[in-house]
file start-v6.cif (mmCIF, C-alpha atoms)
data_input
#
loop_
_atom_site.label_atom_id
_atom_site.label_comp_id
_atom_site.auth_asym_id
_atom_site.auth_seq_id
_atom_site.Cartn_x
_atom_site.Cartn_y
_atom_site.Cartn_z
CA MET A 1476 -21.62 19.63 -39.49
CA ASP A 1477 -18.75 21.70 -38.02
CA ALA A 1478 -15.42 19.95 -37.64
CA VAL A 1479 -14.04 19.42 -34.15
CA PRO A 1480 -10.42 20.51 -33.72
CA ILE A 1481 -8.46 18.35 -31.29
CA VAL A 1482 -5.33 20.12 -30.11
CA GLY A 1483 -2.98 17.37 -28.96
CA GLY A 1484 -4.92 14.90 -31.06
CA THR A 1485 -1.95 12.57 -31.42
CA GLY A 1486 -1.81 11.96 -27.65
CA ALA A 1487 -3.64 9.09 -25.99
CA LEU A 1488 -6.78 10.96 -24.91
CA GLY A 1489 -6.98 13.16 -28.01
CA PHE A 1490 -6.55 10.23 -30.37
CA GLY A 1491 -9.10 8.11 -28.51
CA LEU A 1492 -11.61 10.95 -28.75
CA ALA A 1493 -10.81 11.41 -32.44
CA LEU A 1494 -11.57 7.74 -33.09
CA ARG A 1495 -14.85 7.77 -31.20
CA LEU A 1496 -16.04 11.06 -32.71
CA ALA A 1497 -15.09 9.94 -36.22
CA ARG A 1498 -17.03 6.72 -35.69
CA ALA A 1499 -20.02 8.86 -34.64
CA GLY A 1500 -19.78 10.71 -37.96
CA VAL A 1501 -18.29 13.92 -36.55
CA PRO A 1502 -15.65 15.60 -38.80
CA ILE A 1503 -12.32 15.91 -37.00
CA ALA A 1504 -9.22 18.11 -37.30
CA ILE A 1505 -6.36 16.42 -35.48
CA GLY A 1506 -3.80 18.94 -34.27
CA SER A 1507 -0.20 18.29 -33.33
CA ARG A 1508 2.97 20.32 -32.93
CA ASP A 1509 4.15 18.47 -36.01
CA ALA A 1510 2.02 18.39 -39.17
CA GLU A 1511 3.40 15.02 -40.27
CA ARG A 1512 2.53 13.38 -36.99
CA ALA A 1513 -0.94 14.91 -37.20
CA GLU A 1514 -1.44 13.56 -40.73
CA ALA A 1515 -0.17 10.13 -39.66
CA ALA A 1516 -2.73 10.09 -36.84
CA ALA A 1517 -5.45 11.14 -39.27
CA GLY A 1518 -4.39 8.22 -41.46
CA ARG A 1519 -4.79 5.82 -38.54
CA VAL A 1520 -8.31 7.14 -37.95
CA ARG A 1521 -9.13 6.58 -41.63
CA GLU A 1522 -7.81 3.01 -41.42
CA GLN A 1523 -10.34 2.22 -38.69
CA GLN A 1524 -13.08 4.42 -40.12
CA PRO A 1525 -12.67 4.68 -43.93
CA ASP A 1526 -15.57 7.13 -44.34
CA ALA A 1527 -14.24 9.49 -41.63
CA SER A 1528 -13.82 13.16 -42.41
CA VAL A 1529 -10.47 13.77 -40.75
CA GLU A 1530 -7.56 16.12 -41.36
CA GLY A 1531 -4.16 16.30 -39.69
CA LEU A 1532 -2.73 19.79 -39.15
CA VAL A 1533 -0.45 21.76 -36.89
CA ASN A 1534 -2.36 22.74 -33.74
CA ALA A 1535 -2.94 26.40 -34.63
CA GLU A 1536 -4.33 25.45 -38.06
CA ALA A 1537 -6.49 22.71 -36.58
CA ALA A 1538 -7.91 25.12 -33.99
CA ARG A 1539 -9.37 27.27 -36.79
CA ARG A 1540 -11.43 24.39 -38.19
CA GLY A 1541 -14.43 24.57 -35.87
CA PRO A 1542 -16.20 26.39 -33.02
CA ILE A 1543 -15.58 23.81 -30.27
CA VAL A 1544 -11.87 23.11 -29.75
CA LEU A 1545 -10.75 20.20 -27.57
CA LEU A 1546 -7.49 20.79 -25.69
CA CYS A 1547 -6.02 17.37 -24.91
CA VAL A 1548 -2.44 17.98 -23.84
CA PRO A 1549 -0.51 17.05 -20.70
CA PHE A 1550 -0.49 19.70 -17.97
CA ARG A 1551 3.23 20.21 -18.58
CA ALA A 1552 2.42 21.47 -22.09
CA GLN A 1553 -0.83 23.33 -21.38
CA SER A 1554 0.56 26.87 -21.01
CA GLU A 1555 2.81 26.54 -24.05
CA ASN A 1556 -0.11 25.33 -26.15
CA LEU A 1557 -2.37 28.11 -24.95
CA ASN A 1558 0.32 30.67 -25.79
CA ASN A 1559 0.62 29.17 -29.27
CA LEU A 1560 -3.16 29.29 -29.74
CA ARG A 1561 -3.48 33.01 -28.88
CA GLU A 1562 -3.42 34.07 -32.51
CA ALA A 1563 -5.54 31.15 -33.69
CA LEU A 1564 -8.52 31.25 -31.34
CA GLU A 1565 -11.35 33.68 -32.16
CA PRO A 1566 -14.04 35.24 -29.99
CA GLY A 1567 -17.07 32.96 -29.85
CA GLN A 1568 -15.07 29.75 -29.86
CA LEU A 1569 -15.39 27.31 -26.97
CA LEU A 1570 -12.27 25.66 -25.62
CA VAL A 1571 -12.91 22.33 -23.93
CA ASP A 1572 -10.06 21.90 -21.50
CA CYS A 1573 -9.29 18.29 -20.59
CA THR A 1574 -6.07 19.07 -18.73
CA VAL A 1575 -5.35 17.44 -15.38
CA PRO A 1576 -2.55 18.84 -13.20
CA LEU A 1577 -1.13 15.45 -12.23
CA ALA A 1578 1.99 15.53 -10.10
CA ALA A 1579 3.43 13.28 -12.81
CA ALA A 1580 4.12 16.55 -14.68
CA VAL A 1581 7.03 17.09 -12.28
CA SER A 1582 7.94 13.40 -11.93
CA GLY A 1583 5.54 12.92 -9.01
CA LYS A 1584 2.88 10.26 -8.60
CA ALA A 1585 -0.08 10.08 -10.97
CA THR A 1586 -2.31 9.64 -7.90
CA ARG A 1587 -1.32 13.11 -6.70
CA SER A 1588 -1.88 16.51 -8.22
CA LEU A 1589 -0.28 19.92 -8.30
CA GLY A 1590 -1.85 23.06 -6.91
CA VAL A 1591 -2.64 25.53 -9.69
CA TRP A 1592 -2.66 29.15 -8.63
CA GLN A 1593 -5.91 29.90 -10.47
CA GLY A 1594 -7.59 26.93 -8.78
CA SER A 1595 -7.51 24.45 -11.63
CA ALA A 1596 -5.97 23.86 -15.03
CA ALA A 1597 -9.25 24.93 -16.63
CA GLN A 1598 -9.26 28.23 -14.76
CA GLN A 1599 -5.67 28.75 -15.87
CA ALA A 1600 -6.85 28.14 -19.43
CA GLN A 1601 -9.68 30.67 -19.02
CA GLU A 1602 -7.11 33.24 -17.91
CA MET A 1603 -4.90 32.55 -20.95
CA VAL A 1604 -7.37 32.37 -23.84
CA PRO A 1605 -8.18 35.51 -25.88
CA ASP A 1606 -11.14 37.64 -24.78
CA GLY A 1607 -14.41 36.17 -25.98
CA VAL A 1608 -13.20 32.57 -25.90
CA THR A 1609 -14.93 30.54 -23.20
CA VAL A 1610 -13.53 27.53 -21.41
CA VAL A 1611 -15.55 24.47 -20.47
CA ALA A 1612 -13.77 21.75 -18.48
CA ALA A 1613 -14.65 18.17 -19.41
CA LEU A 1614 -13.50 14.66 -20.27
CA HIS A 1615 -11.14 14.13 -17.34
CA THR A 1616 -12.47 10.73 -16.33
CA VAL A 1617 -12.82 8.89 -19.63
CA SER A 1618 -10.05 6.34 -20.04
CA ALA A 1619 -7.89 6.90 -23.12
CA PRO A 1620 -7.17 3.17 -23.63
CA THR A 1621 -10.90 2.41 -23.43
CA LEU A 1622 -11.69 5.11 -26.00
CA ALA A 1623 -9.04 3.73 -28.34
CA ASP A 1624 -10.26 0.13 -27.96
CA SER A 1625 -12.87 -0.15 -30.69
CA GLY A 1626 -14.33 -3.26 -29.06
CA ALA A 1627 -14.86 -1.60 -25.66
CA GLU A 1628 -18.33 -0.33 -24.81
CA LEU A 1629 -18.48 2.90 -22.85
CA GLY A 1630 -21.05 3.37 -20.10
CA GLU A 1631 -20.13 6.35 -18.02
CA ASP A 1632 -20.62 10.02 -17.36
CA VAL A 1633 -18.56 13.07 -18.32
CA LEU A 1634 -18.72 15.97 -15.86
CA LEU A 1635 -18.85 19.44 -17.41
CA CYS A 1636 -17.81 22.63 -15.61
CA GLY A 1637 -18.48 26.03 -17.11
CA ASP A 1638 -20.04 29.34 -16.21
CA ARG A 1639 -22.89 29.29 -18.77
CA LYS A 1640 -25.27 26.42 -19.26
CA ALA A 1641 -25.70 27.26 -22.97
CA ASP A 1642 -21.97 26.70 -23.54
CA LYS A 1643 -21.99 23.47 -21.60
CA ALA A 1644 -25.03 22.31 -23.57
CA LYS A 1645 -23.07 22.63 -26.84
CA VAL A 1646 -20.24 20.58 -25.42
CA ALA A 1647 -22.74 18.09 -23.96
CA ARG A 1648 -24.29 17.48 -27.38
CA LEU A 1649 -20.86 16.82 -28.86
CA ILE A 1650 -19.87 14.42 -26.07
CA GLU A 1651 -23.19 12.62 -26.21
CA ALA A 1652 -22.64 11.98 -29.92
CA ILE A 1653 -20.32 9.25 -28.63
CA PRO A 1654 -22.47 6.26 -27.67
CA GLY A 1655 -22.19 5.37 -23.98
CA LEU A 1656 -21.23 8.80 -22.71
CA ARG A 1657 -23.64 11.01 -20.77
CA ALA A 1658 -22.75 14.65 -20.05
CA VAL A 1659 -23.50 15.81 -16.49
CA ASN A 1660 -23.63 19.46 -15.43
CA ALA A 1661 -21.19 19.76 -12.51
CA GLY A 1662 -21.58 23.52 -12.08
CA PRO A 1663 -19.45 26.60 -12.77
CA LEU A 1664 -15.89 26.51 -14.07
CA GLU A 1665 -14.48 26.74 -10.54
CA MET A 1666 -15.78 23.19 -9.93
CA ALA A 1667 -12.95 22.06 -12.20
CA ARG A 1668 -10.87 22.27 -9.02
CA ILE A 1669 -12.68 19.16 -7.91
CA VAL A 1670 -13.43 17.50 -11.23
CA GLU A 1671 -9.78 17.55 -12.32
CA GLN A 1672 -8.97 15.60 -9.14
CA LEU A 1673 -11.14 12.71 -10.31
CA THR A 1674 -8.38 11.59 -12.67
CA PRO A 1675 -5.81 10.84 -9.95
CA LEU A 1676 -8.66 9.24 -7.95
CA LEU A 1677 -9.50 6.89 -10.82
CA ILE A 1678 -5.79 6.18 -11.38
CA SER A 1679 -5.59 5.10 -7.73
CA ILE A 1680 -8.66 2.87 -8.15
CA ASN A 1681 -7.31 1.46 -11.43
CA ALA A 1682 -4.08 0.43 -9.70
CA ARG A 1683 -6.04 -1.51 -7.07
CA TYR A 1684 -8.54 -3.17 -9.43
CA LYS A 1685 -6.31 -3.60 -12.53
CA THR A 1686 -8.95 -1.94 -14.67
CA HIS A 1687 -9.86 1.27 -16.48
CA ALA A 1688 -12.58 2.62 -14.22
CA GLY A 1689 -15.01 5.37 -15.11
CA LEU A 1690 -17.42 7.53 -13.19
CA ARG A 1691 -21.19 7.50 -13.02
CA ILE A 1692 -23.53 9.78 -11.11
CA SER A 1693 -26.54 7.92 -9.73
CA GLY A 1694 -29.92 9.38 -8.93
CA LEU A 1695 -30.22 11.89 -11.80
CA PRO A 1696 -33.65 12.42 -13.34
CA GLU A 1697 -34.33 10.79 -16.72
CA ALA A 1698 -35.25 14.07 -18.43
CA ASP A 1699 -32.73 15.64 -20.83
CA HIS A 1700 -31.01 18.26 -18.71
CA TRP A 1701 -29.60 20.06 -21.76
CA GLU A 1702 -32.82 20.80 -23.64
CA MET B 219 -22.08 -9.16 16.54
CA ASP B 220 -20.17 -6.10 17.75
CA ALA B 221 -22.12 -2.88 18.12
CA VAL B 222 -21.26 0.06 15.88
CA PRO B 223 -20.78 3.35 17.73
CA ILE B 224 -21.92 6.39 15.76
CA VAL B 225 -20.42 9.58 17.17
CA GLY B 226 -22.74 12.35 16.03
CA GLY B 227 -25.49 9.81 15.51
CA THR B 228 -28.22 12.40 16.02
CA GLY B 229 -27.06 14.38 12.95
CA ALA B 230 -28.48 13.80 9.50
CA LEU B 231 -25.78 11.46 8.16
CA GLY B 232 -25.24 9.63 11.46
CA PHE B 233 -28.94 9.05 12.00
CA GLY B 234 -29.45 7.89 8.41
CA LEU B 235 -26.64 5.37 8.83
CA ALA B 236 -28.08 4.25 12.18
CA LEU B 237 -31.43 3.53 10.53
CA ARG B 238 -29.92 1.59 7.62
CA LEU B 239 -27.51 -0.40 9.82
CA ALA B 240 -30.25 -1.22 12.33
CA ARG B 241 -32.46 -2.41 9.50
CA ALA B 242 -29.57 -4.66 8.39
CA GLY B 243 -29.51 -6.20 11.87
CA VAL B 244 -26.36 -4.43 13.07
CA PRO B 245 -26.40 -3.35 16.76
CA ILE B 246 -25.93 0.40 17.08
CA ALA B 247 -24.73 2.80 19.78
CA ILE B 248 -25.89 6.30 18.93
CA GLY B 249 -23.63 8.95 20.39
CA SER B 250 -24.42 12.59 21.00
CA ARG B 251 -23.06 15.39 23.15
CA ASP B 252 -26.29 15.06 25.09
CA ALA B 253 -27.39 11.65 26.44
CA GLU B 254 -31.07 12.56 26.25
CA ARG B 255 -30.86 13.50 22.59
CA ALA B 256 -28.99 10.27 21.91
CA GLU B 257 -31.66 8.22 23.68
CA ALA B 258 -34.41 10.07 21.78
CA ALA B 259 -32.70 9.23 18.49
CA ALA B 260 -32.37 5.60 19.58
CA GLY B 261 -36.11 5.65 20.27
CA ARG B 262 -36.78 6.91 16.74
CA VAL B 263 -34.72 4.05 15.34
CA ARG B 264 -36.73 1.56 17.44
CA GLU B 265 -40.00 3.06 16.15
CA GLN B 266 -38.97 2.23 12.59
CA GLN B 267 -37.20 -1.00 13.47
CA PRO B 268 -38.77 -2.49 16.59
CA ASP B 269 -36.30 -5.39 16.81
CA ALA B 270 -33.26 -3.09 16.53
CA SER B 271 -30.50 -3.34 19.09
CA VAL B 272 -29.84 0.34 19.67
CA GLU B 273 -28.60 2.41 22.60
CA GLY B 274 -28.31 6.18 22.97
CA LEU B 275 -25.30 7.44 24.93
CA VAL B 276 -22.95 10.40 25.23
CA ASN B 277 -20.33 10.19 22.50
CA ALA B 278 -17.44 9.01 24.69
CA GLU B 279 -19.58 6.21 26.13
CA ALA B 280 -20.88 5.22 22.71
CA ALA B 281 -17.34 5.07 21.31
CA ARG B 282 -16.47 2.31 23.78
CA ARG B 283 -19.23 0.03 22.51
CA GLY B 284 -17.48 -1.48 19.48
CA PRO B 285 -14.28 -1.76 17.43
CA ILE B 286 -15.40 0.31 14.42
CA VAL B 287 -16.45 3.83 15.38
CA LEU B 288 -18.21 6.08 12.84
CA LEU B 289 -17.43 9.79 13.21
CA CYS B 290 -20.35 11.69 11.65
CA VAL B 291 -19.98 15.28 12.76
CA PRO B 292 -19.72 18.57 10.86
CA PHE B 293 -16.18 19.71 10.11
CA ARG B 294 -16.69 22.62 12.52
CA ALA B 295 -17.04 20.12 15.37
CA GLN B 296 -14.50 17.51 14.27
CA SER B 297 -11.51 18.66 16.35
CA GLU B 298 -13.56 19.15 19.47
CA ASN B 299 -15.05 15.68 19.11
CA LEU B 300 -11.67 14.10 18.55
CA ASN B 301 -10.32 15.86 21.65
CA ASN B 302 -13.25 14.53 23.65
CA LEU B 303 -12.67 11.00 22.35
CA ARG B 304 -8.97 10.89 23.34
CA GLU B 305 -9.71 9.09 26.60
CA ALA B 306 -12.40 6.89 25.10
CA LEU B 307 -10.69 5.41 22.02
CA GLU B 308 -8.43 2.40 22.57
CA PRO B 309 -5.58 1.00 20.46
CA GLY B 310 -6.92 -1.40 17.86
CA GLN B 311 -10.12 0.54 17.23
CA LEU B 312 -10.88 1.83 13.74
CA LEU B 313 -12.29 5.32 13.36
CA VAL B 314 -14.30 5.81 10.18
CA ASP B 315 -14.10 9.51 9.46
CA CYS B 316 -16.98 10.88 7.38
CA THR B 317 -16.05 14.53 7.84
CA VAL B 318 -16.08 16.90 4.87
CA PRO B 319 -14.38 20.30 5.19
CA LEU B 320 -17.16 22.25 3.47
CA ALA B 321 -16.70 26.00 3.35
CA ALA B 322 -20.15 26.09 4.92
CA ALA B 323 -18.29 25.56 8.22
CA VAL B 324 -17.26 29.21 8.02
CA SER B 325 -20.47 30.45 6.38
CA GLY B 326 -19.13 29.80 2.87
CA LYS B 327 -20.76 27.87 0.07
CA ALA B 328 -21.44 24.15 0.40
CA THR B 329 -20.03 23.72 -3.11
CA ARG B 330 -16.65 24.94 -1.87
CA SER B 331 -14.27 23.49 0.65
CA LEU B 332 -11.63 24.59 3.11
CA GLY B 333 -7.97 23.68 2.88
CA VAL B 334 -6.95 21.48 5.79
CA TRP B 335 -3.30 21.72 6.76
CA GLN B 336 -2.88 17.94 7.00
CA GLY B 337 -4.40 17.53 3.53
CA SER B 338 -7.87 16.35 4.50
CA ALA B 339 -10.20 16.09 7.45
CA ALA B 340 -9.40 12.37 7.66
CA GLN B 341 -5.67 13.05 7.86
CA GLN B 342 -6.39 15.60 10.58
CA ALA B 343 -8.32 12.88 12.39
CA GLN B 344 -5.41 10.44 12.05
CA GLU B 345 -3.14 13.03 13.65
CA MET B 346 -5.53 13.53 16.57
CA VAL B 347 -6.54 9.99 17.52
CA PRO B 348 -4.57 8.09 20.20
CA ASP B 349 -1.67 5.90 19.06
CA GLY B 350 -2.87 2.56 17.76
CA VAL B 351 -6.20 3.90 16.50
CA THR B 352 -6.44 3.85 12.72
CA VAL B 353 -8.52 6.14 10.55
CA VAL B 354 -10.38 5.05 7.44
CA ALA B 355 -12.19 7.76 5.44
CA ALA B 356 -15.57 6.79 4.01
CA LEU B 357 -19.22 7.62 3.46
CA HIS B 358 -18.78 11.14 2.08
CA THR B 359 -21.04 10.70 -0.92
CA VAL B 360 -24.07 8.92 0.49
CA SER B 361 -26.99 11.30 0.81
CA ALA B 362 -28.30 11.66 4.36
CA PRO B 363 -31.92 12.28 3.24
CA THR B 364 -31.80 9.18 1.04
CA LEU B 365 -30.48 7.07 3.91
CA ALA B 366 -33.24 8.33 6.19
CA ASP B 367 -35.96 7.70 3.60
CA SER B 368 -36.96 4.12 4.31
CA GLY B 369 -38.64 3.86 0.91
CA ALA B 370 -35.57 4.94 -1.06
CA GLU B 371 -33.43 2.24 -2.65
CA LEU B 372 -29.73 2.83 -2.60
CA GLY B 373 -27.57 1.89 -5.59
CA GLU B 374 -24.20 3.52 -5.27
CA ASP B 375 -20.61 3.16 -4.20
CA VAL B 376 -18.77 4.27 -1.08
CA LEU B 377 -15.11 5.12 -1.58
CA LEU B 378 -12.76 4.02 1.20
CA CYS B 379 -9.37 5.58 1.89
CA GLY B 380 -6.94 4.03 4.35
CA ASP B 381 -3.38 2.88 4.58
CA ARG B 382 -4.07 -0.83 5.18
CA LYS B 383 -6.34 -2.95 3.06
CA ALA B 384 -7.20 -5.19 6.04
CA ASP B 385 -8.64 -2.18 7.90
CA LYS B 386 -10.58 -1.03 4.86
CA ALA B 387 -11.91 -4.56 4.39
CA LYS B 388 -13.48 -4.47 7.88
CA VAL B 389 -15.16 -1.16 7.11
CA ALA B 390 -16.19 -2.45 3.67
CA ARG B 391 -17.97 -5.45 5.24
CA LEU B 392 -19.87 -3.12 7.56
CA ILE B 393 -20.86 -0.73 4.76
CA GLU B 394 -21.89 -3.57 2.47
CA ALA B 395 -24.23 -4.86 5.18
CA ILE B 396 -26.45 -2.01 3.95
CA PRO B 397 -28.24 -3.22 0.79
CA GLY B 398 -27.38 -1.11 -2.26
CA LEU B 399 -23.98 0.11 -1.08
CA ARG B 400 -20.74 -1.21 -2.55
CA ALA B 401 -17.42 -0.33 -0.92
CA VAL B 402 -14.65 0.66 -3.35
CA ASN B 403 -10.96 0.82 -2.43
CA ALA B 404 -9.82 4.34 -3.36
CA GLY B 405 -6.27 3.96 -2.03
CA PRO B 406 -4.31 5.26 0.95
CA LEU B 407 -5.63 7.73 3.50
CA GLU B 408 -4.09 10.66 1.62
CA MET B 409 -6.66 10.06 -1.15
CA ALA B 410 -9.20 11.51 1.29
CA ARG B 411 -7.96 14.87 -0.04
CA ILE B 412 -9.83 14.03 -3.21
CA VAL B 413 -12.65 11.88 -1.88
CA GLU B 414 -13.77 14.54 0.62
CA GLN B 415 -14.18 16.91 -2.33
CA LEU B 416 -16.82 14.64 -3.85
CA THR B 417 -19.38 15.98 -1.38
CA PRO B 418 -19.27 19.61 -2.62
CA LEU B 419 -19.22 18.20 -6.18
CA LEU B 420 -22.42 16.24 -5.55
CA ILE B 421 -23.97 19.24 -3.79
CA SER B 422 -23.31 21.27 -6.96
CA ILE B 423 -24.87 18.55 -9.12
CA ASN B 424 -27.84 18.22 -6.74
CA ALA B 425 -28.56 21.94 -7.07
CA ARG B 426 -28.69 21.64 -10.86
CA TYR B 427 -30.75 18.44 -11.06
CA LYS B 428 -32.93 18.90 -7.93
CA THR B 429 -31.98 15.45 -6.72
CA HIS B 430 -29.84 13.55 -4.23
CA ALA B 431 -27.13 12.20 -6.49
CA GLY B 432 -24.68 9.46 -5.60
CA LEU B 433 -21.49 8.14 -7.07
CA ARG B 434 -20.73 4.93 -8.92
CA ILE B 435 -17.45 3.67 -10.30
CA SER B 436 -17.89 1.86 -13.61
CA GLY B 437 -15.62 -0.82 -15.04
CA LEU B 438 -14.69 -2.62 -11.81
CA PRO B 439 -14.29 -6.42 -11.97
CA GLU B 440 -17.12 -8.52 -10.54
CA ALA B 441 -14.87 -10.39 -8.09
CA ASP B 442 -15.06 -9.48 -4.40
CA HIS B 443 -12.13 -7.11 -3.93
CA TRP B 444 -12.21 -7.49 -0.13
CA GLU B 445 -11.81 -11.27 0.17
#

call {"tool": "encode", "arguments": {"input": "start-v6.cif", "output": "structure tokens"}}
result
Amino acid sequence: MDAVPIVGGTGALGFGLALRLARAGVPIAIGSRDAERAEAAAGRVREQQPDASVEGLVNAEAARRGPIVLLCVPFRAQSENLNNLREALEPGQLLVDCTVPLAAAVSGKATRSLGVWQGSAAQQAQEMVPDGVTVVAALHTVSAPTLADSGAELGEDVLLCGDRKADKAKVARLIEAIPGLRAVNAGPLEMARIVEQLTPLLISINARYKTHAGLRISGLPEADHWE
Amino acid sequence: MDAVPIVGGTGALGFGLALRLARAGVPIAIGSRDAERAEAAAGRVREQQPDASVEGLVNAEAARRGPIVLLCVPFRAQSENLNNLREALEPGQLLVDCTVPLAAAVSGKATRSLGVWQGSAAQQAQEMVPDGVTVVAALHTVSAPTLADSGAELGEDVLLCGDRKADKAKVARLIEAIPGLRAVNAGPLEMARIVEQLTPLLISINARYKTHAGLRISGLPEADHWE
């Protein structure tokens, strides 16, 4: 099985995803700015999941380890990371952008967001990746603390935005390797404008209910949409 | 029990809500620009629900019939309706704004939306209502065809945005009179910027799954938030 590079894999969301994917038997390459921090995070995954196949590497090295790269960095660091990945990413790779332009990036509220000229952080990513690399936006609404809590059961949906269904289907299969997550096709990449706003919405709900809420779409047919 | 005025109650969403509320035993005042159309719609409610308490009136008359007024008009007609209601609405009334600024209002796609200067259609409504009238945004994600289909079971959430919890609680009680709907506190009125975008998101999902999808928030505590 191909490894899954996680750029920003030492952050809360990236590390939570690393844990869940490792538990599902998916090989992982945790990326960080700092190789030592990446290796330390890989060690923490191995502690929880001794049979995990997990490496810790600097981001650009990690990004070369597999065809579907998860980008799990704060919005503040998204452009810098994409610049650093220009030499590492190769045509044919998929970049799964999980970035949310929270106003917290400029010391604003986490229930508010910034306007991104391209429409969304994911569309900014699509503009910045090398030719032939395709961006799919996903994983904005899954709570990092819930992912990292090995006792917590997931039961929610992940909305995918991307311009080709075949690309989204690959990402959907990866996400659905994690028990309790269902991948839902939210439409073309431009729908990331809306989907990225679900994070501040859930943060607002979390503050009122003292919880880590997730999202579910009701009324979808039972059939496997991605077949 | 107070009647619930539904401005735009002959439209798809307004009529669907009228049917469901009437079935729940809530008295209804259906408003329309045209009194005859309103009375015809009231007659259609009575056909399905012979014991319903339902009147059909011009919008401004309907709006005087109860303390919680539902505004169910297309974005294109929202300003005009709010202008027409200036003399009818009284301090202390709540206006539940269901308006979604779909780009379809200007012949664009229903999966895209328009920027509203005030931030959202609901914030535009708050600016336009008379002093002392408070706007709560709600009911953007409930499918009109599903509401109107008497055989369809609902099982979804309705996100409420408003600046005072006490106001939202009144609207929540009304919404939860409809079996299968749960009212979720999404935060202050400014969150309508995000919540109004859920309609084009669901329209995009509906197109891909050939369904009438709804929204659910997972991970909320069981306790009654509105007590």

call {"tool": "interface_residues", "arguments": {"input": "start-v6.cif", "of": "chain A", "to": "chain B", "cutoff": "9 Å", "atoms": "all atoms listed in the file", "output": "number ranges by chain"}}
result
A: 1586-1587, 1630-1631, 1659-1663, 1666, 1669-1670, 1672-1673, 1675-1677, 1679-1696, 1700

call {"tool": "write_last_selection", "arguments": {"input": "start-v6.cif", "atoms": "C-alpha atoms", "output": "tab-separated table (two decimals), in the coordinates of the input"}}
result
chain	number	residue	atom	x	y	z
A	1586	THR	CA	-2.31	9.64	-7.90
A	1587	ARG	CA	-1.32	13.11	-6.70
A	1630	GLY	CA	-21.05	3.37	-20.10
A	1631	GLU	CA	-20.13	6.35	-18.02
A	1659	VAL	CA	-23.50	15.81	-16.49
A	1660	ASN	CA	-23.63	19.46	-15.43
A	1661	ALA	CA	-21.19	19.76	-12.51
A	1662	GLY	CA	-21.58	23.52	-12.08
A	1663	PRO	CA	-19.45	26.60	-12.77
A	1666	MET	CA	-15.78	23.19	-9.93
A	1669	ILE	CA	-12.68	19.16	-7.91
A	1670	VAL	CA	-13.43	17.50	-11.23
A	1672	GLN	CA	-8.97	15.60	-9.14
A	1673	LEU	CA	-11.14	12.71	-10.31
A	1675	PRO	CA	-5.81	10.84	-9.95
A	1676	LEU	CA	-8.66	9.24	-7.95
A	1677	LEU	CA	-9.50	6.89	-10.82
A	1679	SER	CA	-5.59	5.10	-7.73
A	1680	ILE	CA	-8.66	2.87	-8.15
A	1681	ASN	CA	-7.31	1.46	-11.43
A	1682	ALA	CA	-4.08	0.43	-9.70
A	1683	ARG	CA	-6.04	-1.51	-7.07
A	1684	TYR	CA	-8.54	-3.17	-9.43
A	1685	LYS	CA	-6.31	-3.60	-12.53
A	1686	THR	CA	-8.95	-1.94	-14.67
A	1687	HIS	CA	-9.86	1.27	-16.48
A	1688	ALA	CA	-12.58	2.62	-14.22
A	1689	GLY	CA	-15.01	5.37	-15.11
A	1690	LEU	CA	-17.42	7.53	-13.19
A	1691	ARG	CA	-21.19	7.50	-13.02
A	1692	ILE	CA	-23.53	9.78	-11.11
A	1693	SER	CA	-26.54	7.92	-9.73
A	1694	GLY	CA	-29.92	9.38	-8.93
A	1695	LEU	CA	-30.22	11.89	-11.80
A	1696	PRO	CA	-33.65	12.42	-13.34
A	1700	HIS	CA	-31.01	18.26	-18.71

call {"tool": "residues_around", "arguments": {"input": "start-v6.cif", "residues": "range 1606-1609 of chain A", "least_positions_apart": "6", "cutoff": "9 Å", "atoms": "all atoms listed in the file", "output": "MDAnalysis selection string"}}
result
chainID A and resid 1564:1571 1637:1638 1642

call {"tool": "residues_near_point", "arguments": {"input": "start-v6.cif", "point": "(-27.9, -0.7, 17.7)", "cutoff": "9 Å", "atoms": "all atoms listed in the file", "output": "ChimeraX atom specification"}}
result
/B:221-223,236,239-240,243-248,260,263,270-274

call {"tool": "residues_around", "arguments": {"input": "start-v6.cif", "residues": "Thr1485 in chain A", "least_positions_apart": "6", "cutoff": "12 Å", "atoms": "all atoms listed in the file", "output": "PyMOL selection string"}}
result
chain A and resi 1491-1494+1504-1520+1530-1534+1546-1549+1619+1623

call {"tool": "atom_distance", "arguments": {"input": "start-v6.cif", "atom1": "CA of Leu1635 in chain A", "atom2": "CA of Pro1654 in chain A"}}
result
17.1 Å

call {"tool": "resolve_selection", "arguments": {"input": "start-v6.cif", "expression": "the PyMOL selection byres ((chain B and resi 316) around 7)", "output": "PyMOL selection string"}}
result
chain B and resi 289-290+314-315+317-318+355-358

call {"tool": "write_last_selection", "arguments": {"input": "start-v6.cif", "atoms": "C-alpha atoms", "output": "PDB file, in the frame of the given file"}}
result
ATOM      1  CA  LEU B 289     -17.430   9.790  13.210  1.00  0.00           C
ATOM      2  CA  CYS B 290     -20.350  11.690  11.650  1.00  0.00           C
ATOM      3  CA  VAL B 314     -14.300   5.810  10.180  1.00  0.00           C
ATOM      4  CA  ASP B 315     -14.100   9.510   9.460  1.00  0.00           C
ATOM      5  CA  THR B 317     -16.050  14.530   7.840  1.00  0.00           C
ATOM      6  CA  VAL B 318     -16.080  16.900   4.870  1.00  0.00           C
ATOM      7  CA  ALA B 355     -12.190   7.760   5.440  1.00  0.00           C
ATOM      8  CA  ALA B 356     -15.570   6.790   4.010  1.00  0.00           C
ATOM      9  CA  LEU B 357     -19.220   7.620   3.460  1.00  0.00           C
ATOM     10  CA  HIS B 358     -18.780  11.140   2.080  1.00  0.00           C
TER      11      HIS B 358
END
